[in-house]
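Engineer: Dropping in run-v9.pdb, which is PDB, C-alpha atoms:
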ATOM      1  CA  MET X   5      -6.237 -22.417 -66.875
ATOM      2  CA  ASP X   6      -8.100 -22.980 -70.135
ATOM      3  CA  PRO X   7      -7.553 -19.882 -72.391
ATOM      4  CA  HIS X   8     -11.024 -20.373 -73.867
ATOM      5  CA  PRO X   9     -13.163 -21.419 -70.904
ATOM      6  CA  ARG X  10     -16.803 -22.348 -71.337
ATOM      7  CA  ALA X  11     -19.014 -20.224 -69.136
ATOM      8  CA  VAL X  12     -21.651 -21.979 -67.066
ATOM      9  CA  ASN X  13     -25.122 -20.702 -66.207
ATOM     10  CA  GLU X  14     -26.215 -19.811 -62.689
ATOM     11  CA  PHE X  15     -27.928 -23.080 -61.807
ATOM     12  CA  GLU X  16     -25.161 -25.268 -63.202
ATOM     13  CA  LEU X  17     -22.628 -23.132 -61.331
ATOM     14  CA  ILE X  18     -24.375 -23.651 -58.011
ATOM     15  CA  ARG X  19     -24.961 -27.362 -58.584
ATOM     16  CA  ARG X  20     -21.387 -28.132 -59.687
ATOM     17  CA  PHE X  21     -19.376 -25.995 -57.296
ATOM     18  CA  PHE X  22     -21.407 -25.044 -54.235
ATOM     19  CA  ALA X  23     -24.242 -27.502 -53.570
ATOM     20  CA  ARG X  24     -23.264 -29.922 -50.801
ATOM     21  CA  PRO X  25     -25.426 -31.615 -48.177
ATOM     22  CA  PRO X  26     -25.271 -29.540 -44.955
ATOM     23  CA  LYS X  27     -24.033 -31.129 -41.759
ATOM     24  CA  ARG X  28     -25.632 -28.759 -39.225
ATOM     25  CA  ALA X  29     -28.277 -26.792 -41.135
ATOM     26  CA  LEU X  30     -31.796 -28.176 -41.493
ATOM     27  CA  LEU X  31     -31.885 -27.034 -45.132
ATOM     28  CA  GLY X  32     -28.996 -25.684 -47.171
ATOM     29  CA  VAL X  33     -28.311 -24.636 -50.774
ATOM     30  CA  GLY X  34     -31.114 -25.073 -53.313
ATOM     31  CA  ASP X  35     -34.199 -23.483 -51.781
ATOM     32  CA  ASP X  36     -35.445 -19.922 -51.360
ATOM     33  CA  CYS X  37     -34.026 -19.810 -47.832
ATOM     34  CA  ALA X  38     -31.810 -21.918 -45.640
ATOM     35  CA  LEU X  39     -33.249 -23.301 -42.405
ATOM     36  CA  LEU X  40     -30.995 -23.074 -39.347
ATOM     37  CA  ARG X  41     -31.508 -24.249 -35.779
ATOM     38  CA  PRO X  42     -29.040 -22.754 -33.290
ATOM     39  CA  ASP X  43     -28.088 -24.800 -30.259
ATOM     40  CA  ALA X  44     -30.417 -24.084 -27.349
ATOM     41  CA  GLY X  45     -29.537 -21.050 -25.271
ATOM     42  CA  LEU X  46     -26.808 -19.666 -27.532
ATOM     43  CA  ASP X  47     -26.683 -16.210 -29.118
ATOM     44  CA  LEU X  48     -26.083 -15.788 -32.858
ATOM     45  CA  ALA X  49     -23.163 -13.682 -34.134
ATOM     46  CA  VAL X  50     -23.496 -12.504 -37.754
ATOM     47  CA  THR X  51     -20.884 -10.779 -39.927
ATOM     48  CA  THR X  52     -20.517  -9.837 -43.599
ATOM     49  CA  ASP X  53     -17.382  -8.966 -45.558
ATOM     50  CA  MET X  54     -16.838  -8.139 -49.230
ATOM     51  CA  LEU X  55     -13.818  -8.468 -51.537
ATOM     52  CA  ILE X  56     -13.805  -6.449 -54.771
ATOM     53  CA  GLU X  57     -11.491  -7.014 -57.739
ATOM     54  CA  GLY X  58      -9.201  -4.035 -58.213
ATOM     55  CA  ARG X  59      -9.769  -2.903 -54.624
ATOM     56  CA  HIS X  60      -8.948  -5.929 -52.483
ATOM     57  CA  PHE X  61      -7.310  -8.248 -55.014
ATOM     58  CA  PRO X  62      -5.863  -8.016 -58.563
ATOM     59  CA  PRO X  63      -7.582  -9.597 -61.593
ATOM     60  CA  ASP X  64      -4.930 -12.340 -61.753
ATOM     61  CA  ALA X  65      -5.242 -13.328 -58.069
ATOM     62  CA  GLU X  66      -5.053 -17.069 -57.419
ATOM     63  CA  PRO X  67      -8.674 -18.283 -57.137
ATOM     64  CA  ARG X  68      -7.941 -20.937 -54.500
ATOM     65  CA  SER X  69      -6.430 -18.346 -52.160
ATOM     66  CA  LEU X  70      -9.394 -16.033 -52.854
ATOM     67  CA  GLY X  71     -11.819 -18.766 -51.808
ATOM     68  CA  HIS X  72      -9.838 -19.267 -48.604
ATOM     69  CA  LYS X  73      -9.524 -15.558 -47.836
ATOM     70  CA  ALA X  74     -13.174 -14.730 -48.565
ATOM     71  CA  LEU X  75     -14.233 -17.088 -45.780
ATOM     72  CA  ALA X  76     -11.216 -16.479 -43.527
ATOM     73  CA  VAL X  77     -11.876 -12.760 -43.085
ATOM     74  CA  ASN X  78     -15.398 -13.535 -41.884
ATOM     75  CA  LEU X  79     -14.287 -16.305 -39.535
ATOM     76  CA  SER X  80     -11.799 -13.811 -38.129
ATOM     77  CA  ASP X  81     -14.671 -11.448 -37.243
ATOM     78  CA  LEU X  82     -16.470 -14.295 -35.481
ATOM     79  CA  ALA X  83     -13.263 -15.172 -33.621
ATOM     80  CA  ALA X  84     -12.955 -11.569 -32.433
ATOM     81  CA  MET X  85     -16.395 -11.918 -30.812
ATOM     82  CA  GLY X  86     -15.560 -15.281 -29.252
ATOM     83  CA  ALA X  87     -18.096 -17.006 -31.519
ATOM     84  CA  THR X  88     -17.919 -20.548 -32.912
ATOM     85  CA  PRO X  89     -18.463 -20.575 -36.713
ATOM     86  CA  ARG X  90     -21.470 -22.573 -37.938
ATOM     87  CA  TRP X  91     -22.882 -21.363 -41.276
ATOM     88  CA  ALA X  92     -22.053 -19.098 -44.214
ATOM     89  CA  THR X  93     -23.657 -17.667 -47.333
ATOM     90  CA  LEU X  94     -21.768 -16.631 -50.474
ATOM     91  CA  ALA X  95     -22.639 -14.058 -53.147
ATOM     92  CA  LEU X  96     -20.551 -13.864 -56.331
ATOM     93  CA  ALA X  97     -20.466 -11.397 -59.225
ATOM     94  CA  LEU X  98     -18.400 -12.771 -62.117
ATOM     95  CA  PRO X  99     -17.582 -11.391 -65.598
ATOM     96  CA  PRO X 100     -17.692 -14.868 -67.148
ATOM     97  CA  ALA X 101     -18.426 -17.892 -64.975
ATOM     98  CA  GLU X 102     -15.308 -19.951 -65.780
ATOM     99  CA  PRO X 103     -15.412 -23.570 -64.568
ATOM    100  CA  ALA X 104     -11.655 -23.778 -63.937
ATOM    101  CA  TRP X 105     -11.683 -20.594 -61.831
ATOM    102  CA  LEU X 106     -14.782 -21.720 -59.934
ATOM    103  CA  ALA X 107     -13.318 -25.151 -59.211
ATOM    104  CA  GLU X 108     -10.219 -23.604 -57.619
ATOM    105  CA  PHE X 109     -12.176 -20.930 -55.750
ATOM    106  CA  SER X 110     -14.654 -23.402 -54.275
ATOM    107  CA  ALA X 111     -11.814 -25.775 -53.320
ATOM    108  CA  GLY X 112     -10.138 -23.006 -51.301
ATOM    109  CA  PHE X 113     -13.434 -21.985 -49.710
ATOM    110  CA  TYR X 114     -14.458 -25.507 -48.728
ATOM    111  CA  ALA X 115     -11.017 -26.507 -47.436
ATOM    112  CA  LEU X 116     -11.282 -23.829 -44.768
ATOM    113  CA  ALA X 117     -15.008 -24.412 -44.193
ATOM    114  CA  ASP X 118     -14.357 -28.103 -43.528
ATOM    115  CA  ARG X 119     -11.648 -27.284 -40.984
ATOM    116  CA  TYR X 120     -14.152 -25.416 -38.850
ATOM    117  CA  GLY X 121     -17.325 -27.355 -39.601
ATOM    118  CA  VAL X 122     -18.960 -24.486 -41.504
ATOM    119  CA  ASP X 123     -21.948 -25.238 -43.765
ATOM    120  CA  LEU X 124     -22.415 -23.140 -46.912
ATOM    121  CA  VAL X 125     -26.194 -22.687 -46.817
ATOM    122  CA  GLY X 126     -27.019 -20.243 -49.614
ATOM    123  CA  GLY X 127     -26.140 -17.050 -51.450
ATOM    124  CA  ASP X 128     -26.436 -15.555 -54.912
ATOM    125  CA  THR X 129     -24.633 -15.350 -58.245
ATOM    126  CA  THR X 130     -24.805 -12.794 -61.036
ATOM    127  CA  ARG X 131     -22.803 -11.361 -63.896
ATOM    128  CA  GLY X 132     -20.684  -8.271 -63.171
ATOM    129  CA  GLU X 133     -18.040  -6.141 -64.827
ATOM    130  CA  ALA X 134     -15.492  -7.263 -62.232
ATOM    131  CA  ARG X 135     -15.405 -10.053 -59.678
ATOM    132  CA  ALA X 136     -17.061  -9.295 -56.332
ATOM    133  CA  ILE X 137     -17.186 -11.768 -53.452
ATOM    134  CA  SER X 138     -19.427 -11.283 -50.428
ATOM    135  CA  VAL X 139     -19.649 -13.750 -47.555
ATOM    136  CA  THR X 140     -21.943 -13.670 -44.551
ATOM    137  CA  ALA X 141     -20.876 -15.917 -41.678
ATOM    138  CA  ILE X 142     -22.976 -16.919 -38.679
ATOM    139  CA  GLY X 143     -21.658 -18.276 -35.409
ATOM    140  CA  GLU X 144     -22.818 -19.115 -31.893
ATOM    141  CA  VAL X 145     -21.646 -17.696 -28.575
ATOM    142  CA  PRO X 146     -22.874 -18.297 -25.009
ATOM    143  CA  PRO X 147     -25.041 -15.451 -23.654
ATOM    144  CA  GLY X 148     -23.065 -12.660 -22.039
ATOM    145  CA  LEU X 149     -19.680 -13.928 -23.236
ATOM    146  CA  ALA X 150     -19.316 -12.150 -26.588
ATOM    147  CA  LEU X 151     -16.118 -10.070 -26.717
ATOM    148  CA  GLU X 152     -17.532  -6.663 -27.577
ATOM    149  CA  ARG X 153     -15.316  -3.694 -28.479
ATOM    150  CA  SER X 154     -16.851  -1.716 -25.634
ATOM    151  CA  GLY X 155     -15.514  -4.022 -22.912
ATOM    152  CA  ALA X 156     -11.982  -2.679 -22.318
ATOM    153  CA  ARG X 157     -11.343  -1.405 -18.786
ATOM    154  CA  PRO X 158      -8.625   0.798 -17.269
ATOM    155  CA  GLY X 159      -5.887  -1.431 -15.881
ATOM    156  CA  ASP X 160      -6.264  -4.078 -18.613
ATOM    157  CA  ASP X 161      -3.223  -5.383 -20.441
ATOM    158  CA  LEU X 162      -3.282  -5.070 -24.233
ATOM    159  CA  TRP X 163      -2.355  -8.260 -26.111
ATOM    160  CA  VAL X 164      -2.025  -9.325 -29.739
ATOM    161  CA  SER X 165      -1.711 -12.751 -31.327
ATOM    162  CA  GLY X 166       0.859 -13.788 -33.927
ATOM    163  CA  GLU X 167       2.768 -11.097 -35.828
ATOM    164  CA  LEU X 168       1.701  -7.824 -37.431
ATOM    165  CA  GLY X 169       2.645  -6.072 -40.661
ATOM    166  CA  GLY X 170       3.338  -9.140 -42.784
ATOM    167  CA  ALA X 171       0.289  -8.847 -45.031
ATOM    168  CA  ALA X 172       0.939  -5.158 -45.758
ATOM    169  CA  LEU X 173       4.535  -6.014 -46.544
ATOM    170  CA  GLY X 174       3.272  -8.606 -49.020
ATOM    171  CA  LEU X 175       1.590  -5.824 -51.008
ATOM    172  CA  VAL X 176       4.894  -3.949 -51.325
ATOM    173  CA  HIS X 177       7.188  -6.968 -51.652
ATOM    174  CA  PRO X 178       5.153  -9.848 -53.126
ATOM    175  CA  GLU X 179       8.415 -11.674 -53.832
ATOM    176  CA  ILE X 180       8.885 -12.357 -50.093
ATOM    177  CA  PRO X 181       7.187 -15.759 -49.537
ATOM    178  CA  GLU X 182       6.458 -15.215 -45.830
ATOM    179  CA  ALA X 183       4.768 -11.879 -46.523
ATOM    180  CA  ALA X 184       2.832 -13.129 -49.560
ATOM    181  CA  LYS X 185       1.459 -16.034 -47.517
ATOM    182  CA  ARG X 186       0.272 -13.671 -44.778
ATOM    183  CA  LEU X 187      -1.531 -11.557 -47.383
ATOM    184  CA  HIS X 188      -3.186 -14.299 -49.429
ATOM    185  CA  TRP X 189      -3.709 -17.056 -46.845
ATOM    186  CA  PRO X 190      -4.714 -15.376 -43.564
ATOM    187  CA  GLU X 191      -5.329 -17.683 -40.619
ATOM    188  CA  PRO X 192      -8.470 -16.886 -38.599
ATOM    189  CA  ARG X 193      -7.789 -17.306 -34.869
ATOM    190  CA  VAL X 194     -11.002 -19.195 -34.191
ATOM    191  CA  GLU X 195      -9.835 -21.391 -31.310
ATOM    192  CA  LEU X 196      -8.124 -18.467 -29.605
ATOM    193  CA  GLY X 197     -11.332 -16.421 -29.795
ATOM    194  CA  GLU X 198     -13.320 -19.240 -28.207
ATOM    195  CA  ARG X 199     -10.789 -19.642 -25.397
ATOM    196  CA  LEU X 200     -10.718 -15.908 -24.654
ATOM    197  CA  ARG X 201     -14.431 -15.769 -23.745
ATOM    198  CA  ARG X 202     -13.813 -16.043 -20.000
ATOM    199  CA  ILE X 203     -10.382 -14.392 -19.992
ATOM    200  CA  ALA X 204     -10.524 -11.238 -22.113
ATOM    201  CA  HIS X 205     -12.684  -8.157 -21.637
ATOM    202  CA  CYS X 206     -12.859  -7.238 -25.334
ATOM    203  CA  ALA X 207     -11.292  -8.065 -28.689
ATOM    204  CA  ILE X 208     -11.073  -6.973 -32.322
ATOM    205  CA  ASP X 209      -9.386  -8.526 -35.332
ATOM    206  CA  VAL X 210      -6.581  -6.524 -36.931
ATOM    207  CA  SER X 211      -8.020  -6.133 -40.416
ATOM    208  CA  ASP X 212      -7.459  -2.400 -41.040
ATOM    209  CA  GLY X 213      -4.211  -1.875 -39.130
ATOM    210  CA  LEU X 214      -3.278  -1.896 -35.429
ATOM    211  CA  ALA X 215      -3.666   1.859 -34.917
ATOM    212  CA  GLY X 216      -7.020   2.036 -36.664
ATOM    213  CA  ASP X 217      -8.509  -1.046 -35.037
ATOM    214  CA  LEU X 218      -7.252  -0.180 -31.561
ATOM    215  CA  GLY X 219      -8.830   3.222 -32.118
ATOM    216  CA  HIS X 220     -12.214   1.466 -32.369
ATOM    217  CA  ILE X 221     -11.686  -0.144 -28.958
ATOM    218  CA  VAL X 222     -10.613   3.164 -27.422
ATOM    219  CA  GLU X 223     -13.651   4.938 -28.831
ATOM    220  CA  ARG X 224     -16.242   2.290 -27.992
ATOM    221  CA  SER X 225     -14.855   1.569 -24.510
ATOM    222  CA  LYS X 226     -14.290   5.265 -23.666
ATOM    223  CA  VAL X 227     -10.735   4.622 -22.481
ATOM    224  CA  SER X 228      -7.190   5.447 -23.572
ATOM    225  CA  ALA X 229      -4.515   3.032 -24.738
ATOM    226  CA  THR X 230      -0.722   3.127 -24.645
ATOM    227  CA  VAL X 231       1.277   0.858 -26.962
ATOM    228  CA  GLU X 232       5.017   0.203 -26.764
ATOM    229  CA  TYR X 233       6.078   0.005 -30.397
ATOM    230  CA  GLU X 234       9.149  -2.160 -29.744
ATOM    231  CA  ARG X 235       6.988  -4.833 -28.117
ATOM    232  CA  ILE X 236       4.802  -5.335 -31.197
ATOM    233  CA  PRO X 237       5.645  -8.729 -32.758
ATOM    234  CA  ARG X 238       6.623  -8.638 -36.445
ATOM    235  CA  GLY X 239       8.114 -11.000 -39.021
ATOM    236  CA  SER X 240      11.850 -11.462 -39.559
ATOM    237  CA  SER X 241      11.561 -10.062 -43.089
ATOM    238  CA  PHE X 242      11.511  -6.515 -41.710
ATOM    239  CA  GLU X 243      14.897  -6.952 -40.059
ATOM    240  CA  LYS X 244      16.397  -8.090 -43.344
ATOM    241  CA  LEU X 245      14.898  -5.184 -45.306
ATOM    242  CA  LYS X 246      16.170  -2.506 -42.889
ATOM    243  CA  ALA X 247      13.495  -0.012 -43.971
ATOM    244  CA  PRO X 248      12.273   1.604 -40.706
ATOM    245  CA  GLN X 249       9.552   3.799 -42.215
ATOM    246  CA  LEU X 250       8.097   0.951 -44.273
ATOM    247  CA  GLU X 251       8.223  -1.282 -41.200
ATOM    248  CA  LYS X 252       6.397   1.279 -39.062
ATOM    249  CA  ASP X 253       3.721   1.830 -41.719
ATOM    250  CA  CYS X 254       3.147  -1.907 -42.146
ATOM    251  CA  VAL X 255       3.146  -2.759 -38.438
ATOM    252  CA  LEU X 256       0.972   0.134 -37.252
ATOM    253  CA  SER X 257      -1.251   0.898 -40.234
ATOM    254  CA  GLY X 258      -1.142  -2.073 -42.588
ATOM    255  CA  GLY X 259      -4.269  -4.188 -42.872
ATOM    256  CA  ASP X 260      -5.109  -7.821 -43.610
ATOM    257  CA  ASP X 261      -3.204  -9.399 -40.693
ATOM    258  CA  TYR X 262      -6.379 -10.830 -39.092
ATOM    259  CA  GLU X 263      -4.678 -11.377 -35.763
ATOM    260  CA  LEU X 264      -6.663 -10.813 -32.562
ATOM    261  CA  LEU X 265      -6.044  -7.679 -30.514
ATOM    262  CA  PHE X 266      -7.567  -8.024 -27.050
ATOM    263  CA  THR X 267      -7.550  -6.667 -23.505
ATOM    264  CA  ALA X 268      -7.451  -8.733 -20.330
ATOM    265  CA  PRO X 269      -6.927  -8.135 -16.607
ATOM    266  CA  ARG X 270      -3.344  -8.321 -15.309
ATOM    267  CA  ALA X 271      -4.390 -11.282 -13.162
ATOM    268  CA  HIS X 272      -4.693 -13.412 -16.318
ATOM    269  CA  ARG X 273      -1.098 -12.998 -17.537
ATOM    270  CA  ALA X 274       0.035 -16.475 -16.503
ATOM    271  CA  GLU X 275      -3.129 -18.050 -17.908
ATOM    272  CA  LEU X 276      -2.578 -16.352 -21.272
ATOM    273  CA  GLU X 277       1.053 -17.456 -21.362
ATOM    274  CA  SER X 278      -0.086 -21.042 -20.765
ATOM    275  CA  LEU X 279      -2.765 -20.694 -23.450
ATOM    276  CA  ALA X 280      -0.161 -19.461 -25.944
ATOM    277  CA  ALA X 281       1.962 -22.544 -25.280
ATOM    278  CA  GLU X 282      -1.052 -24.839 -25.557
ATOM    279  CA  LEU X 283      -2.191 -23.365 -28.898
ATOM    280  CA  GLY X 284       1.334 -22.984 -30.307
ATOM    281  CA  LEU X 285       0.485 -19.351 -31.017
ATOM    282  CA  ALA X 286       2.455 -16.355 -29.796
ATOM    283  CA  LEU X 287       0.469 -13.997 -27.559
ATOM    284  CA  THR X 288       2.347 -10.786 -26.843
ATOM    285  CA  ARG X 289       1.590  -8.064 -24.300
ATOM    286  CA  ILE X 290       2.149  -4.780 -26.157
ATOM    287  CA  GLY X 291       0.598  -2.111 -23.931
ATOM    288  CA  ARG X 292      -2.101  -1.143 -21.491
ATOM    289  CA  ILE X 293      -5.544   0.377 -21.190
ATOM    290  CA  GLU X 294      -5.935   3.488 -19.033
ATOM    291  CA  ALA X 295      -8.580   6.011 -18.059
ATOM    292  CA  GLY X 296      -9.012   8.969 -20.375
ATOM    293  CA  SER X 297      -9.214   9.026 -24.164
ATOM    294  CA  GLY X 298      -6.977   8.660 -27.194
ATOM    295  CA  LEU X 299      -4.172   6.376 -28.349
ATOM    296  CA  ARG X 300      -0.451   6.802 -27.660
ATOM    297  CA  ILE X 301       2.246   4.754 -29.350
ATOM    298  CA  LEU X 302       5.664   5.104 -27.711
ATOM    299  CA  ASP X 303       9.073   4.472 -29.265
ATOM    300  CA  ALA X 304      12.010   2.779 -27.528
ATOM    301  CA  LYS X 305      12.731   6.025 -25.606
ATOM    302  CA  SER X 306       9.101   6.310 -24.447
ATOM    303  CA  LYS X 307       8.498   9.245 -26.784
ATOM    304  CA  PRO X 308       5.244   9.509 -28.787
ATOM    305  CA  LEU X 309       5.540   7.981 -32.250
ATOM    306  CA  GLU X 310       3.692   9.581 -35.132
ATOM    307  CA  HIS X 311       1.521   7.221 -37.126
ATOM    308  CA  ARG X 312      -1.223   7.328 -39.683
ATOM    309  CA  GLY X 313      -4.613   5.703 -39.285
ATOM    310  CA  GLY X 314      -5.740   2.357 -40.617
ATOM    311  CA  PHE X 315      -7.087   1.307 -44.004
ATOM    312  CA  ASP X 316      -9.817   3.576 -45.396
ATOM    313  CA  HIS X 317     -12.381   1.528 -47.325
ATOM    314  CA  PHE X 318     -13.541   4.582 -49.275
ATOM    315  CA  GLU X 319     -10.118   5.967 -50.146
ATOM    316  CA  LYS X 320      -9.463   5.918 -53.900
ATOM    317  CA  PRO X 321      -7.035   3.078 -54.793
ATOM    318  CA  LYS X 322      -3.584   4.252 -55.818
TER     319      LYS X 322
END
Could you spell out this file's structure in C-alpha cells?
Structural biologist:
Amino acid sequence: MDPHPRAVNEFELIRRFFARPPKRALLGVGDDCALLRPDAGLDLAVTTDMLIEGRHFPPDAEPRSLGHKALAVNLSDLAAMGATPRWATLALALPPAEPAWLAEFSAGFYALADRYGVDLVGGDTTRGEARAISVTAIGEVPPGLALERSGARPGDDLWVSGELGGAALGLVHPEIPEAAKRLHWPEPRVELGERLRRIAHCAIDVSDGLAGDLGHIVERSKVSATVEYERIPRGSSFEKLKAPQLEKDCVLSGGDDYELLFTAPRAHRAELESLAAELGLALTRIGRIEAGSGLRILDAKSKPLEHRGGFDHFEKPK
C-alpha cells in the first residue's frame, strides 16, 4: 500500500469505487434515494450491521476481507430469516479516504455481492477518527415463510450448519490458517436459509456465540433447549491444541461463526440429511427443544456444563 496515499473527496470516492449500474433496482447509487421494486407478493426482510475499528477489527485489518465481511454478516442475517438477498446500502467513516484501501475494500464487497446478485444502491461517506462500516441489506421472502426466532416448538430437533468456534479461535491463535479464515472470511449460508423455509420452524445465525444466540430462541419461543456438547461440530484445530477450556469457550460463547442454528420437526431428519449432501454442507443435530424455559448444555456424562453467555456488544474491549 502506498505509504503516502492521496485522499479522495466524497464524490470521487463514490464514483470510483461504488457507483455501478444496478441489475435489479430501478435506481441505484447517485441520487437522493434508491428506487426498489420488490417482486410481487413477497415480503421484505431488512437488516443492518456495523463494524467498528478497534472493536470488531484492528487498524491493520486486510481491507479486502473487511469488504467481504461487512456484507457477509448482513447476508447471514437474511439467510437466518430464509430471505433471498437483493439490495444493500453502505455507510463508511474513514480517517483519510485512501484509494488503495478503498480499491481493496470495494473489491471484497463486490465479489460477494456478485455471487448473490446483490445491488449496492446507496449509502453515505464521511470523515471519522476511526474506520466505521455500516451495511443495510434487504431481501425478499414469501409471505408466512420467514424463519422467526419465535417459531421453535417442543419436540423439535436442534441443528447447526458447518462448524463452531473457529472464528473465536482465530482471535486467540491468528497463526492458525483455518481459524483465521473463519474469522476474516465468513461464509453466509444463503442457499441453506432459502431451502429451510418449508422445513425449519425457526432459525438464527451464530454471530454472538451458540449459548447466547440459542438463548434468544429460547426466550422468544418460550421453550427450553437441551444441547449435547459432544455433538457440536468443531474444527480439527481444537484437537491439536488440546486446550479444553479454550475449546469450550470458543465453541459455546465465541462469536463470528455465522453458521445457521435452527429447529425442525423430527419428521424432517432424512430430508435434512439429504439437503446436507446436496449442498455439500454439514448439518448436525446437536440437541432438542422442550417445554419449559432455560438452556441446558450437557457434557459427555449428561451432566450440566457451565458456560458463559455470548458476545456483549457494550462490554469494554480488553
Engineer: Run the PyMOL selection byres ((chain X and resi 61-73) around 7) mentally over the shown coordinates, then write out the matched residues as JSON, numbers by chain, using the chain letters and numbers from the document.
Structural biologist: {"X": [56, 57, 58, 59, 60, 74, 75, 76, 77, 105, 108, 109, 110, 111, 112, 113, 116, 188, 189, 190]}
Engineer: Export, as a JSON list (two decimals), in the coordinates of the input, the selected residues with C-alpha atoms.
Structural biologist:
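Result went into result.json, see below:
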[["chain", "number", "residue", "atom", "x", "y", "z"],
["X", 56, "ILE", "CA", -13.80, -6.45, -54.77],
["X", 57, "GLU", "CA", -11.49, -7.01, -57.74],
["X", 58, "GLY", "CA", -9.20, -4.04, -58.21],
["X", 59, "ARG", "CA", -9.77, -2.90, -54.62],
["X", 60, "HIS", "CA", -8.95, -5.93, -52.48],
["X", 74, "ALA", "CA", -13.17, -14.73, -48.56],
["X", 75, "LEU", "CA", -14.23, -17.09, -45.78],
["X", 76, "ALA", "CA", -11.22, -16.48, -43.53],
["X", 77, "VAL", "CA", -11.88, -12.76, -43.08],
["X", 105, "TRP", "CA", -11.68, -20.59, -61.83],
["X", 108, "GLU", "CA", -10.22, -23.60, -57.62],
["X", 109, "PHE", "CA", -12.18, -20.93, -55.75],
["X", 110, "SER", "CA", -14.65, -23.40, -54.28],
["X", 111, "ALA", "CA", -11.81, -25.78, -53.32],
["X", 112, "GLY", "CA", -10.14, -23.01, -51.30],
["X", 113, "PHE", "CA", -13.43, -21.98, -49.71],
["X", 116, "LEU", "CA", -11.28, -23.83, -44.77],
["X", 188, "HIS", "CA", -3.19, -14.30, -49.43],
["X", 189, "TRP", "CA", -3.71, -17.06, -46.84],
["X", 190, "PRO", "CA", -4.71, -15.38, -43.56]]
Engineer: Calculated over all atoms listed in the file, which of the candidates X:Gly143, X:Gly170, X:Gly155, X:Pro26 has the smallest distance to Phe266 (chain X)?
Structural biologist: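 Closest to Phe266 (chain X) of all the choices is X:Gly155.
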Engineer: List the residues selected by the PyMOL selection byres ((chain X and resi 300) around 7) in the file shown, writing them as an NGL selection string.
Structural biologist: :X and (229-231 or 298-299 or 301-302 or 308)
Engineer: Taking all atoms of region 84-98 of chain X that the file lists and extending 4 Å past them on each side, where is the centre of the axis-aligned box and how long are its edges? Answer in Å to one decimal, as lines of an AutoDock Vina configuration file.
Structural biologist:
center_x = -18.3
center_y = -17.0
center_z = -45.7
size_x = 18.7
size_y = 19.2
size_z = 40.9
Engineer: Expand the PyMOL selection byres ((chain X and resi 213) around 12) into the individual residues it matches in the shown file, reporting them as a PyMOL selection string.
Structural biologist: chain X and resi 168-172+208-212+214-220+252-265+311-316
Engineer: Please determine, counting all atoms listed in the file, which residue among X:Pro146, X:Gly132, X:Gly32, X:Pro89 has the shortest atom-to-atom distance to Gly45 (chain X).
Structural biologist: X:Pro146
Engineer: CA of Met85 (chain X) and CA of Leu175 (chain X), how far apart in Å?
Structural biologist: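 Spanning CA of Leu175 (chain X) to CA of Met85 (chain X) is a straight-line distance of 27.7 Å.
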Engineer: Can you list every residue of region 110-137 of chain X that has an atom at most 10 Å from region 15-25 of chain X, with its nearest atom pair and the distance in Å to one decimal, using all atoms listed in the file, ordered by chain then number, as a Markdown table?
Structural biologist:
| residue | atom | partner | partner_atom | distance |
| --- | --- | --- | --- | --- |
| X:Ser110 | CA | X:Phe21 | CA | 6.2 |
| X:Ala111 | CA | X:Phe21 | CA | 8.5 |
| X:Phe113 | CA | X:Phe22 | CA | 9.7 |
| X:Tyr114 | CA | X:Phe22 | CA | 8.9 |
| X:Asp123 | CA | X:Pro25 | CA | 8.5 |
| X:Leu124 | CA | X:Phe22 | CA | 7.6 |
| X:Val125 | CA | X:Ala23 | CA | 8.5 |
| X:Gly126 | CA | X:Phe22 | CA | 8.7 |
| X:Gly127 | CA | X:Ile18 | CA | 9.5 |
| X:Asp128 | CA | X:Ile18 | CA | 8.9 |
| X:Thr129 | CA | X:Ile18 | CA | 8.3 |
Engineer: Taking all atoms listed in the file into account, which of X:Tyr233, X:Tyr120, X:Trp163, X:Trp91 comes nearest Ala280 (chain X)?
Structural biologist: X:Trp163
Engineer: Please indicate the distance in Å from CA of Ala271 (chain X) to CA of Gly166 (chain X), rounded to one decimal place.
Structural biologist: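 So the two atoms, CA of Ala271 (chain X) and CA of Gly166 (chain X), lie 21.6 Å apart.
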Engineer: So what do you get for CA of Asp160 (chain X) versus CA of Ala268 (chain X), distance-wise?
Structural biologist: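 Result for CA of Asp160 (chain X) versus CA of Ala268 (chain X): 5.1 Å, one decimal.
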Engineer: Counting all atoms listed in the file, figure out which residue out of X:Leu276, X:Pro192, X:Lys185, X:Asp303 gets nearest to Ile236 (chain X).
Structural biologist: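 With all atoms listed in the file as the atom set, the closest residue is X:Asp303.
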Engineer: Within 9 Å of Val227 (chain X), counting all atoms listed in the file, which residues show up once you throw out same-chain ones fewer than 5 positions away? Write them as a PyMOL selection string, please.
Structural biologist: chain X and resi 156-158+221-222+293-299
Engineer: So which residues fall inside 12 Å of (-19.9, -16.5, -34.6) if we count only C-alpha atoms? Mind giving them as a count of residues only?
Structural biologist: 39
Engineer: Might you pull out every residue within 6 Å of Ala136 (chain X), with all atoms listed in the file counted and same-chain residues fewer than 4 positions away left off, and present them as a list in words?
Structural biologist: Leu55, Ile56, Leu96 and Ala97 of chain X
Engineer: Name the closest residue to Arg235 (chain X) among the candidates X:Pro269, X:Gly148, X:Gly174, X:Gly291; distances are taken between atoms, counting all atoms listed in the file.
Structural biologist: X:Gly291
